[in-house]
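Trainee: Here you go, this is query29.pdb (PDB, C-alpha atoms).
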ATOM      1  CA  MET A 531       0.000   0.000   0.000
ATOM      2  CA  LYS A 532       1.141   3.543  -0.732
ATOM      3  CA  ILE A 533       0.251   6.561   1.397
ATOM      4  CA  ASP A 534       0.502  10.325   1.132
ATOM      5  CA  ILE A 535       1.162  12.373   4.277
ATOM      6  CA  TYR A 536      -0.177  15.881   4.752
ATOM      7  CA  ASP A 537       0.595  18.307   7.539
ATOM      8  CA  PHE A 538      -2.537  20.305   8.385
ATOM      9  CA  ASP A 539      -2.001  23.867   9.664
ATOM     10  CA  LYS A 540      -0.736  26.263   6.981
ATOM     11  CA  THR A 541      -0.615  23.316   4.582
ATOM     12  CA  ILE A 542      -4.261  22.301   4.106
ATOM     13  CA  VAL A 543      -5.684  25.516   5.580
ATOM     14  CA  PRO A 544      -3.994  28.948   5.514
ATOM     15  CA  TYR A 545      -3.790  29.332   9.299
ATOM     16  CA  ASP A 546      -3.163  27.584  12.580
ATOM     17  CA  SER A 547      -6.531  25.882  13.076
ATOM     18  CA  ALA A 548      -6.199  25.635  16.873
ATOM     19  CA  ILE A 549      -5.660  29.394  17.268
ATOM     20  CA  THR A 550      -8.436  30.152  14.777
ATOM     21  CA  PHE A 551     -10.799  27.797  16.645
ATOM     22  CA  TYR A 552      -9.898  29.439  19.965
ATOM     23  CA  LYS A 553     -10.691  32.909  18.592
ATOM     24  CA  TRP A 554     -13.906  31.619  17.036
ATOM     25  CA  CYS A 555     -14.983  30.165  20.402
ATOM     26  CA  LEU A 556     -14.313  33.495  22.139
ATOM     27  CA  VAL A 557     -16.840  35.102  19.783
ATOM     28  CA  HIS A 558     -19.431  32.309  19.659
ATOM     29  CA  TYR A 559     -19.145  31.120  23.281
ATOM     30  CA  PRO A 560     -18.542  34.337  25.285
ATOM     31  CA  LYS A 561     -18.167  32.507  28.612
ATOM     32  CA  THR A 562     -14.791  31.246  27.335
ATOM     33  CA  ILE A 563     -13.511  34.805  27.850
ATOM     34  CA  LEU A 564     -13.501  34.106  31.603
ATOM     35  CA  LEU A 565     -10.378  31.981  31.164
ATOM     36  CA  MET A 566      -8.427  34.527  29.119
ATOM     37  CA  PRO A 567      -6.464  36.042  32.030
ATOM     38  CA  ALA A 568      -5.060  32.656  33.054
ATOM     39  CA  GLN A 569      -4.381  31.722  29.427
ATOM     40  CA  PHE A 570      -2.545  35.006  28.917
ATOM     41  CA  VAL A 571      -0.296  34.249  31.908
ATOM     42  CA  TRP A 572       0.439  30.719  30.612
ATOM     43  CA  ALA A 573       1.209  32.121  27.140
ATOM     44  CA  LEU A 574       3.555  34.697  28.629
ATOM     45  CA  LEU A 575       5.334  32.043  30.694
ATOM     46  CA  ALA A 576       5.721  29.891  27.574
ATOM     47  CA  CYS A 577       7.064  32.829  25.522
ATOM     48  CA  LEU A 578       9.582  33.557  28.267
ATOM     49  CA  LYS A 579      10.483  29.839  28.279
ATOM     50  CA  ILE A 580       9.612  29.578  31.964
ATOM     51  CA  ILE A 581       7.281  26.712  31.114
ATOM     52  CA  SER A 582       7.502  24.353  28.147
ATOM     53  CA  LEU A 583       5.256  24.454  25.101
ATOM     54  CA  GLN A 584       3.970  21.052  26.241
ATOM     55  CA  LYS A 585       2.938  22.453  29.625
ATOM     56  CA  PHE A 586       1.337  25.523  28.010
ATOM     57  CA  LYS A 587      -0.642  23.359  25.600
ATOM     58  CA  LYS A 588      -1.722  21.171  28.526
ATOM     59  CA  TYR A 589      -3.898  24.000  29.765
ATOM     60  CA  CYS A 590      -4.537  26.299  26.800
ATOM     61  CA  PHE A 591      -7.614  24.363  25.696
ATOM     62  CA  ASN A 592      -9.234  24.326  29.134
ATOM     63  CA  PHE A 593     -12.056  26.479  27.714
ATOM     64  CA  ILE A 594     -13.361  23.216  26.192
ATOM     65  CA  GLY A 595     -14.856  22.442  29.598
ATOM     66  CA  LEU A 596     -17.224  25.394  29.124
ATOM     67  CA  ILE A 597     -18.659  24.389  25.740
ATOM     68  CA  ASN A 598     -20.189  21.464  23.871
ATOM     69  CA  THR A 599     -17.027  20.477  22.000
ATOM     70  CA  GLU A 600     -18.631  18.308  19.332
ATOM     71  CA  GLU A 601     -21.212  20.968  18.476
ATOM     72  CA  ALA A 602     -18.614  23.766  18.483
ATOM     73  CA  VAL A 603     -16.232  21.864  16.204
ATOM     74  CA  LYS A 604     -19.012  21.087  13.693
ATOM     75  CA  LYS A 605     -20.136  24.715  13.636
ATOM     76  CA  PHE A 606     -16.541  25.901  13.305
ATOM     77  CA  TRP A 607     -15.912  23.713  10.258
ATOM     78  CA  ASP A 608     -19.301  24.630   8.792
ATOM     79  CA  ALA A 609     -17.970  28.198   8.764
ATOM     80  CA  HIS A 610     -14.354  27.391   7.799
ATOM     81  CA  GLU A 611     -14.488  24.391   5.464
ATOM     82  CA  LYS A 612     -14.355  26.843   2.557
ATOM     83  CA  ASP A 613     -10.795  27.729   3.674
ATOM     84  CA  VAL A 614      -9.464  24.263   2.842
ATOM     85  CA  TYR A 615      -7.108  24.387  -0.147
ATOM     86  CA  PRO A 616      -8.400  22.592  -3.251
ATOM     87  CA  PHE A 617      -5.373  20.269  -3.655
ATOM     88  CA  ILE A 618      -6.479  18.094  -0.697
ATOM     89  CA  ARG A 619      -9.998  17.548  -1.985
ATOM     90  CA  LYS A 620     -10.770  14.200  -3.574
ATOM     91  CA  GLY A 621     -10.265  14.458  -7.327
ATOM     92  CA  ASN A 622      -7.583  17.154  -6.934
ATOM     93  CA  ARG A 623      -5.002  15.066  -5.064
ATOM     94  CA  LYS A 624      -1.630  14.128  -6.590
ATOM     95  CA  SER A 625      -2.480  10.425  -6.356
ATOM     96  CA  ASP A 626      -5.131   7.892  -5.388
ATOM     97  CA  ASN A 627      -3.029   6.727  -2.435
ATOM     98  CA  LYS A 628      -4.424   6.444   1.081
ATOM     99  CA  VAL A 629      -4.151   9.822   2.837
ATOM    100  CA  VAL A 630      -2.787  10.504   6.315
ATOM    101  CA  ILE A 631      -3.090  13.883   8.017
ATOM    102  CA  ILE A 632      -0.561  14.382  10.807
ATOM    103  CA  SER A 633      -0.960  17.518  12.913
ATOM    104  CA  ALA A 634       0.099  19.114  16.182
ATOM    105  CA  SER A 635      -3.405  20.582  16.489
ATOM    106  CA  PRO A 636      -5.994  18.858  18.696
ATOM    107  CA  GLU A 637      -7.402  15.627  17.341
ATOM    108  CA  PHE A 638     -10.927  16.647  18.411
ATOM    109  CA  LEU A 639     -10.659  19.607  16.010
ATOM    110  CA  ILE A 640      -8.948  17.918  13.041
ATOM    111  CA  LYS A 641     -10.908  14.653  12.899
ATOM    112  CA  GLU A 642     -14.145  16.427  11.896
ATOM    113  CA  ILE A 643     -12.665  18.107   8.815
ATOM    114  CA  ALA A 644     -10.664  14.970   7.982
ATOM    115  CA  SER A 645     -13.929  13.046   7.868
ATOM    116  CA  ARG A 646     -15.522  15.689   5.628
ATOM    117  CA  LEU A 647     -12.537  15.502   3.262
ATOM    118  CA  ASP A 648     -12.658  11.689   3.130
ATOM    119  CA  ILE A 649      -9.201  11.329   4.715
ATOM    120  CA  ASP A 650      -8.185   7.765   5.553
ATOM    121  CA  TYR A 651      -6.180   8.439   8.735
ATOM    122  CA  CYS A 652      -6.101  11.438  11.054
ATOM    123  CA  LEU A 653      -3.220  11.633  13.529
ATOM    124  CA  ALA A 654      -3.147  14.642  15.827
ATOM    125  CA  THR A 655      -2.532  15.586  19.436
ATOM    126  CA  LYS A 656      -5.013  13.917  21.775
ATOM    127  CA  HIS A 657      -6.861  16.131  24.234
ATOM    128  CA  ASP A 658      -9.629  15.204  26.633
ATOM    129  CA  GLU A 659     -12.762  16.337  24.799
ATOM    130  CA  LYS A 660     -14.497  17.290  28.045
ATOM    131  CA  THR A 661     -11.679  19.234  29.739
ATOM    132  CA  GLY A 662      -9.374  20.163  26.860
ATOM    133  CA  ILE A 663      -6.337  18.875  28.756
ATOM    134  CA  ILE A 664      -3.641  17.411  26.519
ATOM    135  CA  GLN A 665      -3.215  13.665  27.003
ATOM    136  CA  GLU A 666       0.069  12.981  25.240
ATOM    137  CA  LYS A 667       3.204  14.525  23.812
ATOM    138  CA  ILE A 668       2.405  17.165  21.162
ATOM    139  CA  CYS A 669       2.282  15.593  17.706
ATOM    140  CA  ARG A 670       5.084  17.588  16.103
ATOM    141  CA  LYS A 671       8.553  16.984  14.664
ATOM    142  CA  GLU A 672       9.710  13.404  15.473
ATOM    143  CA  ARG A 673       6.439  12.635  17.272
ATOM    144  CA  LYS A 674       4.664  12.722  13.893
ATOM    145  CA  VAL A 675       6.777   9.785  12.716
ATOM    146  CA  GLU A 676       6.171   7.946  16.004
ATOM    147  CA  LYS A 677       2.396   8.364  15.617
ATOM    148  CA  LEU A 678       2.573   7.099  12.050
ATOM    149  CA  MET A 679       4.535   4.029  13.207
ATOM    150  CA  GLU A 680       1.936   3.417  15.941
ATOM    151  CA  LEU A 681      -0.656   2.935  13.184
ATOM    152  CA  GLY A 682       1.235  -0.191  12.150
ATOM    153  CA  LEU A 683       0.652   0.347   8.437
ATOM    154  CA  ASP A 684       2.678  -1.720   6.024
ATOM    155  CA  ALA A 685       2.956   1.196   3.637
ATOM    156  CA  GLU A 686       5.345   3.087   1.418
ATOM    157  CA  VAL A 687       5.211   6.881   1.821
ATOM    158  CA  GLU A 688       5.010   8.245  -1.700
ATOM    159  CA  ASN A 689       4.228  11.950  -1.187
ATOM    160  CA  VAL A 690       4.668  14.298   1.778
ATOM    161  CA  PHE A 691       3.148  17.781   1.932
ATOM    162  CA  SER A 692       3.981  20.445   4.528
ATOM    163  CA  ASP A 693       4.528  24.176   4.886
ATOM    164  CA  ASN A 694       7.571  23.784   7.139
ATOM    165  CA  LYS A 695      10.799  22.108   5.960
ATOM    166  CA  LYS A 696      12.505  22.430   9.346
ATOM    167  CA  ASN A 697       9.810  21.179  11.735
ATOM    168  CA  ASP A 698       8.489  18.515   9.371
ATOM    169  CA  ARG A 699      11.865  17.232   8.209
ATOM    170  CA  PRO A 700      11.214  13.883   9.988
ATOM    171  CA  ILE A 701       8.120  13.181   7.889
ATOM    172  CA  PHE A 702       9.696  14.629   4.721
ATOM    173  CA  LEU A 703      12.511  12.090   5.099
ATOM    174  CA  LEU A 704       9.933   9.301   4.804
ATOM    175  CA  GLY A 705       8.623  10.439   1.426
ATOM    176  CA  LYS A 706       9.686   9.561  -2.066
ATOM    177  CA  ASN A 707       8.367  12.956  -3.267
ATOM    178  CA  CYS A 708       8.230  16.048  -1.053
ATOM    179  CA  TYR A 709       6.137  19.161  -1.576
ATOM    180  CA  LEU A 710       6.338  22.497   0.189
ATOM    181  CA  ALA A 711       2.915  24.093   0.563
ATOM    182  CA  LYS A 712       2.725  27.884   0.539
ATOM    183  CA  LYS A 713      -0.634  29.655   0.363
ATOM    184  CA  GLY A 714      -2.279  26.767  -1.465
ATOM    185  CA  THR A 715       0.533  26.263  -3.969
ATOM    186  CA  LEU A 716       2.682  23.131  -3.978
ATOM    187  CA  SER A 717       6.357  23.133  -4.988
ATOM    188  CA  GLU A 718       8.393  19.964  -5.209
ATOM    189  CA  ILE A 719      11.486  20.076  -2.997
ATOM    190  CA  THR A 720      14.459  17.896  -2.168
ATOM    191  CA  ILE A 721      15.203  17.048   1.456
ATOM    192  CA  LYS A 722      18.744  16.040   2.408
TER     193      LYS A 722
END
Please express the file's structure as structure tokens.
Mentor:
Amino acid sequence: MKIDIYDFDKTIVPYDSAITFYKWCLVHYPKTILLMPAQFVWALLACLKIISLQKFKKYCFNFIGLINTEEAVKKFWDAHEKDVYPFIRKGNRKSDNKVVIISASPEFLIKEIASRLDIDYCLATKHDEKTGIIQEKICRKERKVEKLMELGLDAEVENVFSDNKKNDRPIFLLGKNCYLAKKGTLSEITIK
């Protein structure tokens, strides 16, 4: 079996979906604003490298406890599905291979749009859907390869698509063909 791997944020959509979802929730679920002061402090501590990105992300989605996550995610993608770049849509893809999305964004957010796009596998960072608390190491850099290996697929990686050569080098190294995604345009690249 052959597979194609796609990063999600700034590859399939033009933004960081987690940040966009957070802002959308602030507007559509005003009670989430109550947590902003604490989130601001955590963000500041992370920027100053007093706490790790992992620790920051452990708590930054705690607003999930104040909303109906499933309903919010569906409504969010109802409003934002139009932002998905055409190249990932069935019929526009580079191949007919099985498709894997691997993202650092929350799985509860990505799996809905992956389903709508008829994606075969969605690998992202697991969060508790009731509390928003992160449940594992963030799915980025080498962790993306680990998550792919955990699937146990006997597959050859034919194409890899990402917006970030540095952070996604581990998954690029798996691919026969590598594509850099910038604003919906794909350029073939060589990874050494």
Trainee: When the PyMOL selection byres ((chain A and resi 660) around 10) is applied to the structure above, which residues does it catch, written out as a ChimeraX atom specification?
Mentor: /A:592-600,657-659,661-663
Trainee: Give me the residues within 10 Å of Ile664 in chain A as a list in words, counting all atoms listed in the file and dropping any in the same chain fewer than 4 places off.
Mentor: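 Counting only the stated atoms, we get Gln584, Lys585, Phe586, Lys587, Lys588, Tyr589, Cys590, Phe591, Asn592, Pro636, Thr655, Lys656, His657, Asp658, Glu659 and Ile668 of chain A.
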Trainee: Got time to write the residues from that selection, C-alpha atoms, as a JSON list (two decimals), in the frame of the given file?
Mentor:
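Output file result-v4.json is given in full below:
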[["chain", "number", "residue", "atom", "x", "y", "z"],
["A", 584, "GLN", "CA", 3.97, 21.05, 26.24],
["A", 585, "LYS", "CA", 2.94, 22.45, 29.62],
["A", 586, "PHE", "CA", 1.34, 25.52, 28.01],
["A", 587, "LYS", "CA", -0.64, 23.36, 25.60],
["A", 588, "LYS", "CA", -1.72, 21.17, 28.53],
["A", 589, "TYR", "CA", -3.90, 24.00, 29.76],
["A", 590, "CYS", "CA", -4.54, 26.30, 26.80],
["A", 591, "PHE", "CA", -7.61, 24.36, 25.70],
["A", 592, "ASN", "CA", -9.23, 24.33, 29.13],
["A", 636, "PRO", "CA", -5.99, 18.86, 18.70],
["A", 655, "THR", "CA", -2.53, 15.59, 19.44],
["A", 656, "LYS", "CA", -5.01, 13.92, 21.78],
["A", 657, "HIS", "CA", -6.86, 16.13, 24.23],
["A", 658, "ASP", "CA", -9.63, 15.20, 26.63],
["A", 659, "GLU", "CA", -12.76, 16.34, 24.80],
["A", 668, "ILE", "CA", 2.40, 17.16, 21.16]]
Trainee: Extract, using all atoms listed in the file, all DNA, RNA and protein residues at most 10 Å from Arg619 in chain A, discarding same-chain residues fewer than 5 positions from it, and format them as a ChimeraX atom specification.
Mentor: /A:542,614,646-649
Trainee: Using all atoms listed in the file, which residue out of A:Ile631, A:Met531, A:Pro616, A:Asp537 lies closest to Phe691 in chain A?
Mentor: A:Asp537
Trainee: Name every residue that the PyMOL selection byres ((chain A and resi 704-714) around 12) selects in this structure, writing the answer as a VMD selection string with chains first and numbers rising.
Mentor: chain A and resid 532 to 545 613 to 618 624 to 625 672 674 to 676 678 to 679 685 to 696 698 to 703 715 to 722
Trainee: Give me range 555-652 of chain A from this structure - C-alpha atoms, as a compact mmCIF listing (two decimals), in the first residue's frame.
Mentor:
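Contents of selection.txt, as written:
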# COMPACT_ATOMS: atom_id res chain seq x y z
CA CYS A 555 -14.98 30.16 20.40
CA LEU A 556 -14.31 33.49 22.14
CA VAL A 557 -16.84 35.10 19.78
CA HIS A 558 -19.43 32.31 19.66
CA TYR A 559 -19.14 31.12 23.28
CA PRO A 560 -18.54 34.34 25.29
CA LYS A 561 -18.17 32.51 28.61
CA THR A 562 -14.79 31.25 27.33
CA ILE A 563 -13.51 34.80 27.85
CA LEU A 564 -13.50 34.11 31.60
CA LEU A 565 -10.38 31.98 31.16
CA MET A 566 -8.43 34.53 29.12
CA PRO A 567 -6.46 36.04 32.03
CA ALA A 568 -5.06 32.66 33.05
CA GLN A 569 -4.38 31.72 29.43
CA PHE A 570 -2.54 35.01 28.92
CA VAL A 571 -0.30 34.25 31.91
CA TRP A 572 0.44 30.72 30.61
CA ALA A 573 1.21 32.12 27.14
CA LEU A 574 3.56 34.70 28.63
CA LEU A 575 5.33 32.04 30.69
CA ALA A 576 5.72 29.89 27.57
CA CYS A 577 7.06 32.83 25.52
CA LEU A 578 9.58 33.56 28.27
CA LYS A 579 10.48 29.84 28.28
CA ILE A 580 9.61 29.58 31.96
CA ILE A 581 7.28 26.71 31.11
CA SER A 582 7.50 24.35 28.15
CA LEU A 583 5.26 24.45 25.10
CA GLN A 584 3.97 21.05 26.24
CA LYS A 585 2.94 22.45 29.62
CA PHE A 586 1.34 25.52 28.01
CA LYS A 587 -0.64 23.36 25.60
CA LYS A 588 -1.72 21.17 28.53
CA TYR A 589 -3.90 24.00 29.77
CA CYS A 590 -4.54 26.30 26.80
CA PHE A 591 -7.61 24.36 25.70
CA ASN A 592 -9.23 24.33 29.13
CA PHE A 593 -12.06 26.48 27.71
CA ILE A 594 -13.36 23.22 26.19
CA GLY A 595 -14.86 22.44 29.60
CA LEU A 596 -17.22 25.39 29.12
CA ILE A 597 -18.66 24.39 25.74
CA ASN A 598 -20.19 21.46 23.87
CA THR A 599 -17.03 20.48 22.00
CA GLU A 600 -18.63 18.31 19.33
CA GLU A 601 -21.21 20.97 18.48
CA ALA A 602 -18.61 23.77 18.48
CA VAL A 603 -16.23 21.86 16.20
CA LYS A 604 -19.01 21.09 13.69
CA LYS A 605 -20.14 24.71 13.64
CA PHE A 606 -16.54 25.90 13.31
CA TRP A 607 -15.91 23.71 10.26
CA ASP A 608 -19.30 24.63 8.79
CA ALA A 609 -17.97 28.20 8.76
CA HIS A 610 -14.35 27.39 7.80
CA GLU A 611 -14.49 24.39 5.46
CA LYS A 612 -14.36 26.84 2.56
CA ASP A 613 -10.80 27.73 3.67
CA VAL A 614 -9.46 24.26 2.84
CA TYR A 615 -7.11 24.39 -0.15
CA PRO A 616 -8.40 22.59 -3.25
CA PHE A 617 -5.37 20.27 -3.65
CA ILE A 618 -6.48 18.09 -0.70
CA ARG A 619 -10.00 17.55 -1.98
CA LYS A 620 -10.77 14.20 -3.57
CA GLY A 621 -10.26 14.46 -7.33
CA ASN A 622 -7.58 17.15 -6.93
CA ARG A 623 -5.00 15.07 -5.06
CA LYS A 624 -1.63 14.13 -6.59
CA SER A 625 -2.48 10.42 -6.36
CA ASP A 626 -5.13 7.89 -5.39
CA ASN A 627 -3.03 6.73 -2.44
CA LYS A 628 -4.42 6.44 1.08
CA VAL A 629 -4.15 9.82 2.84
CA VAL A 630 -2.79 10.50 6.31
CA ILE A 631 -3.09 13.88 8.02
CA ILE A 632 -0.56 14.38 10.81
CA SER A 633 -0.96 17.52 12.91
CA ALA A 634 0.10 19.11 16.18
CA SER A 635 -3.41 20.58 16.49
CA PRO A 636 -5.99 18.86 18.70
CA GLU A 637 -7.40 15.63 17.34
CA PHE A 638 -10.93 16.65 18.41
CA LEU A 639 -10.66 19.61 16.01
CA ILE A 640 -8.95 17.92 13.04
CA LYS A 641 -10.91 14.65 12.90
CA GLU A 642 -14.15 16.43 11.90
CA ILE A 643 -12.67 18.11 8.81
CA ALA A 644 -10.66 14.97 7.98
CA SER A 645 -13.93 13.05 7.87
CA ARG A 646 -15.52 15.69 5.63
CA LEU A 647 -12.54 15.50 3.26
CA ASP A 648 -12.66 11.69 3.13
CA ILE A 649 -9.20 11.33 4.71
CA ASP A 650 -8.18 7.76 5.55
CA TYR A 651 -6.18 8.44 8.74
CA CYS A 652 -6.10 11.44 11.05
